[in-house]
>>> print(open('protein_19.pdb').read())   # PDB, C-alpha atoms, pLDDT in the B column
MODEL        1
ATOM      1  CA  MET M   1     -29.949  48.701 -27.784  1.00 56.00           C
ATOM      2  CA  SER M   2     -32.588  50.210 -25.560  1.00 51.00           C
ATOM      3  CA  ASP M   3     -35.856  48.639 -26.782  1.00 48.00           C
ATOM      4  CA  PRO M   4     -35.226  44.917 -27.511  1.00 62.00           C
ATOM      5  CA  ALA M   5     -34.480  42.898 -24.414  1.00 82.00           C
ATOM      6  CA  VAL M   6     -32.352  39.805 -24.076  1.00 91.00           C
ATOM      7  CA  ARG M   7     -33.416  37.348 -21.411  1.00 92.00           C
ATOM      8  CA  VAL M   8     -31.717  34.253 -20.080  1.00 94.00           C
ATOM      9  CA  ASP M   9     -33.597  31.326 -18.568  1.00 92.00           C
ATOM     10  CA  THR M  10     -31.146  29.723 -16.152  1.00 88.00           C
ATOM     11  CA  THR M  11     -33.410  26.668 -15.833  1.00 89.00           C
ATOM     12  CA  SER M  12     -33.220  25.949 -19.569  1.00 88.00           C
ATOM     13  CA  GLN M  13     -31.073  23.140 -20.937  1.00 88.00           C
ATOM     14  CA  VAL M  14     -29.747  25.630 -23.492  1.00 89.00           C
ATOM     15  CA  PRO M  15     -26.488  27.237 -22.287  1.00 92.00           C
ATOM     16  CA  PRO M  16     -26.782  30.960 -21.452  1.00 95.00           C
ATOM     17  CA  TYR M  17     -24.260  32.026 -24.123  1.00 95.00           C
ATOM     18  CA  GLU M  18     -26.359  30.215 -26.761  1.00 93.00           C
ATOM     19  CA  GLN M  19     -29.564  31.883 -25.537  1.00 93.00           C
ATOM     20  CA  ILE M  20     -27.878  35.286 -25.866  1.00 95.00           C
ATOM     21  CA  ARG M  21     -26.420  34.451 -29.292  1.00 94.00           C
ATOM     22  CA  ALA M  22     -29.723  33.134 -30.645  1.00 92.00           C
ATOM     23  CA  GLN M  23     -31.755  36.071 -29.354  1.00 93.00           C
ATOM     24  CA  LEU M  24     -29.361  38.715 -30.668  1.00 95.00           C
ATOM     25  CA  ALA M  25     -29.063  36.926 -34.025  1.00 91.00           C
ATOM     26  CA  ALA M  26     -32.860  36.858 -34.312  1.00 90.00           C
ATOM     27  CA  LEU M  27     -33.156  40.539 -33.366  1.00 92.00           C
ATOM     28  CA  ILE M  28     -30.565  41.428 -36.003  1.00 92.00           C
ATOM     29  CA  ARG M  29     -32.017  39.219 -38.742  1.00 89.00           C
ATOM     30  CA  THR M  30     -35.547  40.498 -38.142  1.00 88.00           C
ATOM     31  CA  GLY M  31     -34.418  44.129 -38.231  1.00 89.00           C
ATOM     32  CA  ARG M  32     -35.221  44.935 -34.611  1.00 92.00           C
ATOM     33  CA  LEU M  33     -31.522  45.723 -34.236  1.00 93.00           C
ATOM     34  CA  VAL M  34     -30.355  47.698 -37.263  1.00 93.00           C
ATOM     35  CA  GLU M  35     -26.988  48.115 -38.906  1.00 94.00           C
ATOM     36  CA  GLY M  36     -24.692  50.358 -36.908  1.00 94.00           C
ATOM     37  CA  GLU M  37     -26.688  50.097 -33.687  1.00 95.00           C
ATOM     38  CA  ARG M  38     -24.401  49.837 -30.701  1.00 96.00           C
ATOM     39  CA  LEU M  39     -24.694  46.830 -28.405  1.00 96.00           C
ATOM     40  CA  PRO M  40     -23.925  46.971 -24.694  1.00 95.00           C
ATOM     41  CA  THR M  41     -20.384  46.180 -23.655  1.00 95.00           C
ATOM     42  CA  VAL M  42     -19.656  42.624 -22.584  1.00 95.00           C
ATOM     43  CA  ARG M  43     -19.359  43.738 -18.967  1.00 95.00           C
ATOM     44  CA  GLN M  44     -22.567  45.773 -19.068  1.00 96.00           C
ATOM     45  CA  LEU M  45     -24.686  43.008 -20.606  1.00 96.00           C
ATOM     46  CA  ALA M  46     -23.167  40.455 -18.227  1.00 96.00           C
ATOM     47  CA  ALA M  47     -24.032  42.675 -15.261  1.00 95.00           C
ATOM     48  CA  ASP M  48     -27.569  43.289 -16.584  1.00 95.00           C
ATOM     49  CA  LEU M  49     -28.159  39.541 -16.984  1.00 95.00           C
ATOM     50  CA  GLY M  50     -26.325  38.485 -13.826  1.00 95.00           C
ATOM     51  CA  LEU M  51     -23.843  36.367 -15.776  1.00 96.00           C
ATOM     52  CA  ALA M  52     -20.080  36.068 -16.015  1.00 96.00           C
ATOM     53  CA  PRO M  53     -18.502  38.334 -18.648  1.00 97.00           C
ATOM     54  CA  GLY M  54     -16.976  35.272 -20.338  1.00 97.00           C
ATOM     55  CA  THR M  55     -20.480  33.987 -21.099  1.00 96.00           C
ATOM     56  CA  VAL M  56     -21.455  37.166 -22.941  1.00 97.00           C
ATOM     57  CA  ALA M  57     -18.034  37.357 -24.600  1.00 96.00           C
ATOM     58  CA  ARG M  58     -18.533  33.880 -26.061  1.00 96.00           C
ATOM     59  CA  ALA M  59     -21.928  34.876 -27.486  1.00 96.00           C
ATOM     60  CA  TYR M  60     -20.389  38.014 -29.015  1.00 96.00           C
ATOM     61  CA  ARG M  61     -17.489  35.972 -30.503  1.00 95.00           C
ATOM     62  CA  GLU M  62     -19.950  33.621 -32.179  1.00 94.00           C
ATOM     63  CA  LEU M  63     -21.991  36.540 -33.523  1.00 95.00           C
ATOM     64  CA  GLU M  64     -18.791  38.070 -34.898  1.00 94.00           C
ATOM     65  CA  ALA M  65     -17.874  34.752 -36.524  1.00 93.00           C
ATOM     66  CA  ALA M  66     -21.324  34.762 -38.158  1.00 91.00           C
ATOM     67  CA  GLU M  67     -20.599  38.351 -39.306  1.00 92.00           C
ATOM     68  CA  LEU M  68     -23.694  39.710 -37.567  1.00 94.00           C
ATOM     69  CA  ILE M  69     -21.756  42.118 -35.336  1.00 96.00           C
ATOM     70  CA  ARG M  70     -18.361  43.803 -35.427  1.00 96.00           C
ATOM     71  CA  THR M  71     -16.224  45.091 -32.596  1.00 92.00           C
ATOM     72  CA  ARG M  72     -13.730  47.911 -33.070  1.00 92.00           C
ATOM     73  CA  ARG M  73     -11.590  49.511 -30.414  1.00 90.00           C
ATOM     74  CA  GLY M  74     -13.031  52.896 -29.540  1.00 88.00           C
ATOM     75  CA  ALA M  75     -16.242  52.278 -31.505  1.00 88.00           C
ATOM     76  CA  GLY M  76     -17.605  49.418 -29.426  1.00 93.00           C
ATOM     77  CA  THR M  77     -19.661  46.506 -30.669  1.00 95.00           C
ATOM     78  CA  ARG M  78     -22.122  47.325 -33.407  1.00 96.00           C
ATOM     79  CA  VAL M  79     -24.592  45.495 -35.609  1.00 95.00           C
ATOM     80  CA  ALA M  80     -23.008  44.660 -38.967  1.00 94.00           C
ATOM     81  CA  ALA M  81     -24.657  44.987 -42.363  1.00 91.00           C
ATOM     82  CA  LEU M  82     -26.685  41.915 -43.213  1.00 83.00           C
ATOM     83  CA  PRO M  83     -25.453  39.920 -46.188  1.00 72.00           C
ATOM     84  CA  SER M  84     -27.510  40.454 -49.332  1.00 68.00           C
ATOM     85  CA  GLU M  85     -28.023  36.725 -49.943  1.00 63.00           C
ATOM     86  CA  PRO M  86     -30.679  34.988 -47.840  1.00 60.00           C
ATOM     87  CA  HIS M  87     -29.376  33.081 -44.834  1.00 59.00           C
ATOM     88  CA  ALA M  88     -30.100  29.468 -44.090  1.00 63.00           C
ATOM     89  CA  HIS M  89     -32.150  28.921 -40.971  1.00 65.00           C
ATOM     90  CA  ASP M  90     -30.289  28.162 -37.774  1.00 70.00           C
ATOM     91  CA  ALA M  91     -31.139  24.543 -36.906  1.00 77.00           C
ATOM     92  CA  ASP M  92     -30.007  24.967 -33.285  1.00 76.00           C
ATOM     93  CA  GLN M  93     -32.169  28.050 -32.836  1.00 71.00           C
ATOM     94  CA  LEU M  94     -35.134  26.282 -34.420  1.00 79.00           C
ATOM     95  CA  THR M  95     -34.674  23.342 -32.038  1.00 82.00           C
ATOM     96  CA  THR M  96     -34.483  25.715 -29.069  1.00 76.00           C
ATOM     97  CA  LEU M  97     -37.669  27.507 -30.107  1.00 78.00           C
ATOM     98  CA  ALA M  98     -39.513  24.217 -30.636  1.00 84.00           C
ATOM     99  CA  ARG M  99     -38.359  22.895 -27.266  1.00 82.00           C
ATOM    100  CA  ASP M 100     -39.429  26.097 -25.480  1.00 81.00           C
ATOM    101  CA  PHE M 101     -42.831  26.078 -27.192  1.00 83.00           C
ATOM    102  CA  THR M 102     -43.532  22.420 -26.440  1.00 85.00           C
ATOM    103  CA  SER M 103     -42.461  22.847 -22.811  1.00 83.00           C
ATOM    104  CA  ALA M 104     -44.802  25.806 -22.362  1.00 82.00           C
ATOM    105  CA  ALA M 105     -47.640  23.984 -24.128  1.00 85.00           C
ATOM    106  CA  ARG M 106     -47.183  20.861 -21.983  1.00 87.00           C
ATOM    107  CA  ALA M 107     -47.183  23.056 -18.855  1.00 85.00           C
ATOM    108  CA  LEU M 108     -50.680  24.143 -19.937  1.00 86.00           C
ATOM    109  CA  GLY M 109     -51.740  20.517 -20.202  1.00 91.00           C
ATOM    110  CA  ALA M 110     -51.624  20.208 -23.996  1.00 90.00           C
ATOM    111  CA  ASP M 111     -50.937  16.778 -25.428  1.00 93.00           C
ATOM    112  CA  THR M 112     -48.924  15.990 -28.554  1.00 93.00           C
ATOM    113  CA  GLU M 113     -51.907  16.274 -30.891  1.00 93.00           C
ATOM    114  CA  ASP M 114     -52.858  19.703 -29.474  1.00 92.00           C
ATOM    115  CA  ILE M 115     -49.285  20.913 -29.959  1.00 90.00           C
ATOM    116  CA  LEU M 116     -49.129  19.618 -33.535  1.00 92.00           C
ATOM    117  CA  THR M 117     -52.491  21.227 -34.313  1.00 91.00           C
ATOM    118  CA  ALA M 118     -51.250  24.568 -32.973  1.00 88.00           C
ATOM    119  CA  VAL M 119     -48.115  24.324 -35.126  1.00 88.00           C
ATOM    120  CA  ARG M 120     -50.152  23.407 -38.218  1.00 87.00           C
ATOM    121  CA  ASP M 121     -52.469  26.355 -37.521  1.00 84.00           C
ATOM    122  CA  ALA M 122     -49.463  28.656 -37.215  1.00 81.00           C
ATOM    123  CA  LEU M 123     -48.060  27.430 -40.524  1.00 81.00           C
ATOM    124  CA  ASP M 124     -51.372  27.686 -42.378  1.00 79.00           C
ATOM    125  CA  PRO M 125     -53.727  29.973 -40.422  1.00 64.00           C
ATOM    126  CA  GLY M 126     -56.896  29.234 -42.376  1.00 60.00           C
ATOM    127  CA  PRO M 127     -60.320  29.717 -40.771  1.00 57.00           C
ATOM    128  CA  ALA M 128     -61.141  26.004 -40.988  1.00 50.00           C
ATOM    129  CA  SER M 129     -58.005  24.674 -39.308  1.00 44.00           C
ATOM    130  CA  SER M 130     -58.505  26.077 -35.795  1.00 45.00           C
ATOM    131  CA  SER M 131     -62.209  25.315 -35.700  1.00 43.00           C
ATOM    132  CA  ALA M 132     -61.661  21.719 -36.844  1.00 45.00           C
ATOM    133  CA  THR M 133     -60.171  20.709 -33.535  1.00 43.00           C
ATOM    134  CA  ALA M 134     -62.873  22.426 -31.516  1.00 44.00           C
ATOM    135  CA  ASP M 135     -65.698  20.946 -33.583  1.00 44.00           C
ATOM    136  CA  SER M 136     -64.411  17.391 -33.848  1.00 43.00           C
ATOM    137  CA  GLY M 137     -65.915  14.979 -31.378  1.00 44.00           C
ATOM    138  CA  ALA M 138     -62.590  13.184 -30.881  1.00 46.00           C
ATOM    139  CA  GLY M 139     -61.343  15.281 -28.007  1.00 46.00           C
ATOM    140  CA  GLY M 140     -64.434  17.186 -27.018  1.00 46.00           C
ATOM    141  CA  PRO M 141     -64.274  20.322 -24.888  1.00 47.00           C
ATOM    142  CA  LYS M 142     -60.964  19.366 -23.279  1.00 46.00           C
ATOM    143  CA  THR M 143     -59.222  19.342 -26.679  1.00 44.00           C
ATOM    144  CA  ALA M 144     -60.815  22.648 -27.658  1.00 45.00           C
ATOM    145  CA  GLU M 145     -59.788  24.225 -24.352  1.00 48.00           C
ATOM    146  CA  ALA M 146     -56.206  22.935 -24.571  1.00 46.00           C
ATOM    147  CA  SER M 147     -56.020  24.044 -28.190  1.00 44.00           C
ATOM    148  CA  ALA M 148     -57.162  27.524 -27.183  1.00 48.00           C
ATOM    149  CA  GLN M 149     -54.540  27.579 -24.424  1.00 49.00           C
ATOM    150  CA  VAL M 150     -51.809  26.500 -26.847  1.00 46.00           C
ATOM    151  CA  THR M 151     -52.946  29.203 -29.285  1.00 46.00           C
ATOM    152  CA  GLY M 152     -52.559  31.713 -26.440  1.00 50.00           C
ATOM    153  CA  VAL M 153     -49.040  30.446 -25.795  1.00 46.00           C
ATOM    154  CA  ARG M 154     -48.238  30.766 -29.491  1.00 46.00           C
ATOM    155  CA  ASN M 155     -49.497  34.359 -29.546  1.00 47.00           C
ATOM    156  CA  ARG M 156     -47.510  35.267 -26.426  1.00 48.00           C
ATOM    157  CA  ALA M 157     -44.419  33.652 -27.931  1.00 44.00           C
ATOM    158  CA  ARG M 158     -44.851  35.644 -31.130  1.00 44.00           C
ATOM    159  CA  LYS M 159     -45.082  38.878 -29.116  1.00 43.00           C
ATOM    160  CA  ALA M 160     -41.989  38.002 -27.115  1.00 42.00           C
ATOM    161  CA  VAL M 161     -39.992  37.898 -30.349  1.00 36.00           C
ATOM    162  CA  LEU M 162     -37.658  35.110 -29.343  1.00 36.00           C
ATOM    163  CA  GLN M 163     -37.286  36.132 -25.736  1.00 41.00           C
ATOM    164  CA  THR M 164     -36.948  33.296 -23.274  1.00 40.00           C
ATOM    165  CA  ARG M 165     -38.729  33.314 -19.975  1.00 39.00           C
ATOM    166  CA  PRO M 166     -37.076  35.454 -17.265  1.00 44.00           C
ATOM    167  CA  LYS M 167     -35.450  33.838 -14.264  1.00 45.00           C
TER     168      LYS M 167
ENDMDL
END
>>> encode(input="protein_19.pdb", output="structure tokens")
Amino acid sequence: MSDPAVRVDTTSQVPPYEQIRAQLAALIRTGRLVEGERLPTVRQLAADLGLAPGTVARAYRELEAAELIRTRRGAGTRVAALPSEPHAHDADQLTTLARDFTSAARALGADTEDILTAVRDALDPGPASSSATADSGAGGPKTAEASAQVTGVRNRARKAVLQTRPK
């Protein structure tokens, strides 16, 4: 696991073990971590993240329970084969992502309508949807500017591939 990075935001309301679990699950489900790829040991990942080994161990236990990883003595912890049937979305992970996005958007000064517009644009990225906010007289330039900032946040979040902000 050399390329994808796991990050923990110690200021987040989401417990560190859950941040680790959600990020690794997403990396596995999206194929960034492939079947058979070896994960760092509990101690190594804990040291890299500056956390207690028990925190990482709990995340690994939950990933094993979800059958996303397997640990074997002498072989270490490796990514398991994904089940052939589609998985249901993880409601907790979805809530965490939404909370992180809205927090970042609010930090940029976006209001609720700007955030909802950005989400709608992300769900249906048609050419008319992003220009509608900028052209409408309701919010004027401030709405267009905030919408552009939120779009920037959305693009940065997409590039981060489920990574939380570093400490």
>>> resolve_selection(input="protein_19.pdb", expression="the PyMOL selection byres ((chain M and resi 42-50) around 9)", output="list of chain:residue names")
M:Val6, M:Arg7, M:Val8, M:Leu39, M:Pro40, M:Thr41, M:Leu51, M:Ala52, M:Pro53, M:Gly54, M:Thr55, M:Val56, M:Ala57, M:Tyr60, M:Thr77
>>> residues_around(input="protein_19.pdb", residues="stretch 28-31 of chain M", least_positions_apart="3", cutoff="9 Å", atoms="all atoms listed in the file", output="VMD selection string")
chain M and resid 23 to 25 34 to 35 68 to 69 79 to 80 82
>>> atom_distance(input="protein_19.pdb", atom1="atom CA of M:Gln19", atom2="atom CA of M:Arg70")
19.1 Å
>>> resolve_selection(input="protein_19.pdb", expression="the PyMOL selection byres ((chain M and resi 98) around 12)", output="short mmCIF file (atom, residue, chain, number, x, y, z; two decimals) with C-alpha atoms, keeping the file's coordinate frame")
data_model
loop_
_atom_site.label_atom_id
_atom_site.label_comp_id
_atom_site.auth_asym_id
_atom_site.auth_seq_id
_atom_site.Cartn_x
_atom_site.Cartn_y
_atom_site.Cartn_z
CA ALA M 91 -31.14 24.54 -36.91
CA ASP M 92 -30.01 24.97 -33.28
CA GLN M 93 -32.17 28.05 -32.84
CA LEU M 94 -35.13 26.28 -34.42
CA THR M 95 -34.67 23.34 -32.04
CA THR M 96 -34.48 25.72 -29.07
CA LEU M 97 -37.67 27.51 -30.11
CA ARG M 99 -38.36 22.90 -27.27
CA ASP M 100 -39.43 26.10 -25.48
CA PHE M 101 -42.83 26.08 -27.19
CA THR M 102 -43.53 22.42 -26.44
CA SER M 103 -42.46 22.85 -22.81
CA ALA M 104 -44.80 25.81 -22.36
CA ALA M 105 -47.64 23.98 -24.13
CA ILE M 115 -49.28 20.91 -29.96
CA LEU M 116 -49.13 19.62 -33.53
CA ALA M 118 -51.25 24.57 -32.97
CA VAL M 119 -48.12 24.32 -35.13
CA ARG M 154 -48.24 30.77 -29.49
CA ALA M 157 -44.42 33.65 -27.93
CA LEU M 162 -37.66 35.11 -29.34
CA THR M 164 -36.95 33.30 -23.27
#
>>> residues_near_point(input="protein_19.pdb", point="(-21.6, 33.5, -34.3)", cutoff="9 Å", atoms="all atoms listed in the file", output="list of chain:residue names")
M:Arg21, M:Ala22, M:Ala25, M:Arg58, M:Ala59, M:Tyr60, M:Arg61, M:Glu62, M:Leu63, M:Glu64, M:Ala65, M:Ala66, M:Glu67, M:Leu68, M:Ile69
